[in-house]
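Here is the structure we will look at, set down as structure tokens.
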Amino acid sequence: DKNNDKNNDKNEIIASKIWLNPYSREVWRYNVDLAIEAAMLGFDEIQLDYIRFPAFVNLDRYNLAVAPADSKVEIINDFISYAKTRLGEYGIPLSIDVFGLTTSGSDLGIGQDFSSLAAKVDYISPMVYPSHYAPGAYGLAVPEKEPYFTIFKSMQDAKRELDGRSEKLRPWLQDFSLRHVYGVKEVRDQIKAAKALGLDSWLLWNPSSRYTWQAFRRNDLVAKKQQVSVVTDRGKGDQNVKVDTRKSNAEKDESKERVTDRT
């Protein structure tokens, strides 16, 4: 009955009644068994998602048995430690996805403590999609329209939380559109922001697996050499200058000049 399924909590954004119990050791074993099976099949990394409690909901509807002494943060941390220990026998890296706002130091009530989780895994990937930030976040009127600054500020927070362990940081970036259309510029702006903070690793997400490949094309695939004539001040007359306008990457122009005397 749809009427009986309605929940009057205005903060609730999840409609499903099904959520695996984070307190259940049986659930832990089942998930890690699947990860081990993937490792044995040859996958070179295990990445865990949804390692959290339900967000923005009344947990009573999920009938999650809670041990009084265990906080949500402790339970999620314990599960990751368990997964890391078992997967360690197979020598395979373990990475996790977390909510973007956890980089600011709060577990958001879902048990994801950014700093302590990062200490237990090889890579941590906060989902810092600009479209998921509320107006005013990071002092931005509409973060979705400011992809560079949203990523830059969120990664600043993340690096501060990691305190020197930023090699573990590999953010999820946005390659999909919600209220604001995302294209080449928006995707590149996010990548530029990550690189500006020394992050060379990142992941892109598009729920339909339709990615903006143009954002990754090197300019040297399409650029043409230009030939111009200049006069030097060395009294040798005209010189032929070939300017190679190809770029080594999409962000930085590394033009090279080759000068040949014609005197």
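The way I read the labels, and the way they are meant: chains A, B, ... in the order of the structure tokens, residue 1 as the first residue of every chain, and ligand 1 as the first ligand shown, with later ones counted on from there.
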
Do a neighbour search on Tyr138 (chain A) at 9 Å with only C-alpha atoms, toss out local chain neighbours closer than 6 positions, and write the hits as a PyMOL selection string. chain A and resi 149-150+153-154

Got time to write the residues from that selection, all heavy atoms, as a PDB file, in the first residue's frame?
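Once written, out_13.pdb looks like this:
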ATOM      1  N   PHE A 149      36.032  25.903  -8.151  1.00  0.00           N
ATOM      2  CA  PHE A 149      36.174  26.308  -6.758  1.00  0.00           C
ATOM      3  C   PHE A 149      35.572  25.279  -5.801  1.00  0.00           C
ATOM      4  O   PHE A 149      36.066  25.099  -4.686  1.00  0.00           O
ATOM      5  CB  PHE A 149      35.540  27.684  -6.543  1.00  0.00           C
ATOM      6  CG  PHE A 149      36.301  28.784  -7.215  1.00  0.00           C
ATOM      7  CD1 PHE A 149      35.807  29.395  -8.354  1.00  0.00           C
ATOM      8  CD2 PHE A 149      37.538  29.191  -6.730  1.00  0.00           C
ATOM      9  CE1 PHE A 149      36.519  30.398  -8.992  1.00  0.00           C
ATOM     10  CE2 PHE A 149      38.261  30.195  -7.359  1.00  0.00           C
ATOM     11  CZ  PHE A 149      37.753  30.800  -8.496  1.00  0.00           C
ATOM     12  N   THR A 150      34.515  24.592  -6.224  1.00  0.00           N
ATOM     13  CA  THR A 150      33.934  23.559  -5.370  1.00  0.00           C
ATOM     14  C   THR A 150      34.929  22.432  -5.142  1.00  0.00           C
ATOM     15  O   THR A 150      35.132  21.977  -4.004  1.00  0.00           O
ATOM     16  CB  THR A 150      32.642  22.997  -5.992  1.00  0.00           C
ATOM     17  OG1 THR A 150      31.720  24.069  -6.218  1.00  0.00           O
ATOM     18  CG2 THR A 150      32.000  21.972  -5.070  1.00  0.00           C
ATOM     19  N   LYS A 153      38.090  23.775  -3.039  1.00  0.00           N
ATOM     20  CA  LYS A 153      37.853  23.955  -1.610  1.00  0.00           C
ATOM     21  C   LYS A 153      37.616  22.621  -0.899  1.00  0.00           C
ATOM     22  O   LYS A 153      38.081  22.408   0.223  1.00  0.00           O
ATOM     23  CB  LYS A 153      36.669  24.907  -1.403  1.00  0.00           C
ATOM     24  CG  LYS A 153      36.970  26.349  -1.802  1.00  0.00           C
ATOM     25  CD  LYS A 153      35.755  27.238  -1.679  1.00  0.00           C
ATOM     26  CE  LYS A 153      36.059  28.673  -2.083  1.00  0.00           C
ATOM     27  NZ  LYS A 153      37.019  29.334  -1.175  1.00  0.00           N
ATOM     28  N   SER A 154      36.904  21.711  -1.541  1.00  0.00           N
ATOM     29  CA  SER A 154      36.659  20.413  -0.907  1.00  0.00           C
ATOM     30  C   SER A 154      37.954  19.616  -0.782  1.00  0.00           C
ATOM     31  O   SER A 154      38.178  18.917   0.215  1.00  0.00           O
ATOM     32  CB  SER A 154      35.621  19.615  -1.699  1.00  0.00           C
ATOM     33  OG  SER A 154      36.089  19.286  -2.991  1.00  0.00           O
TER      34      SER A 154
END

Using DSSP secondary structure from the backbone, list all strand (DSSP E) positions within region 115-191 of chain A, as number ranges by chain. A: 123-127, 172-174

Any idea what's packed within 12 Å of region 195-204 of chain A, counting only C-alpha atoms, ignoring anything in its chain fewer than 3 positions away? Could you give it as an MDAnalysis selection string? chainID A and resid 47 97 123:129 148:149 151:160 165:176 187:192 207:213 215:216 249:252

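Going from CA of Phe114 (chain A) to CA of Thr102 (chain A) covers 5.7 Å.
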
Rounded to one decimal, what separation in Å do you get between CA of Phe53 (chain A) and CA of Asp33 (chain A)?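 According to the coordinates, CA of Phe53 (chain A) and CA of Asp33 (chain A) are separated by 20.5 Å.
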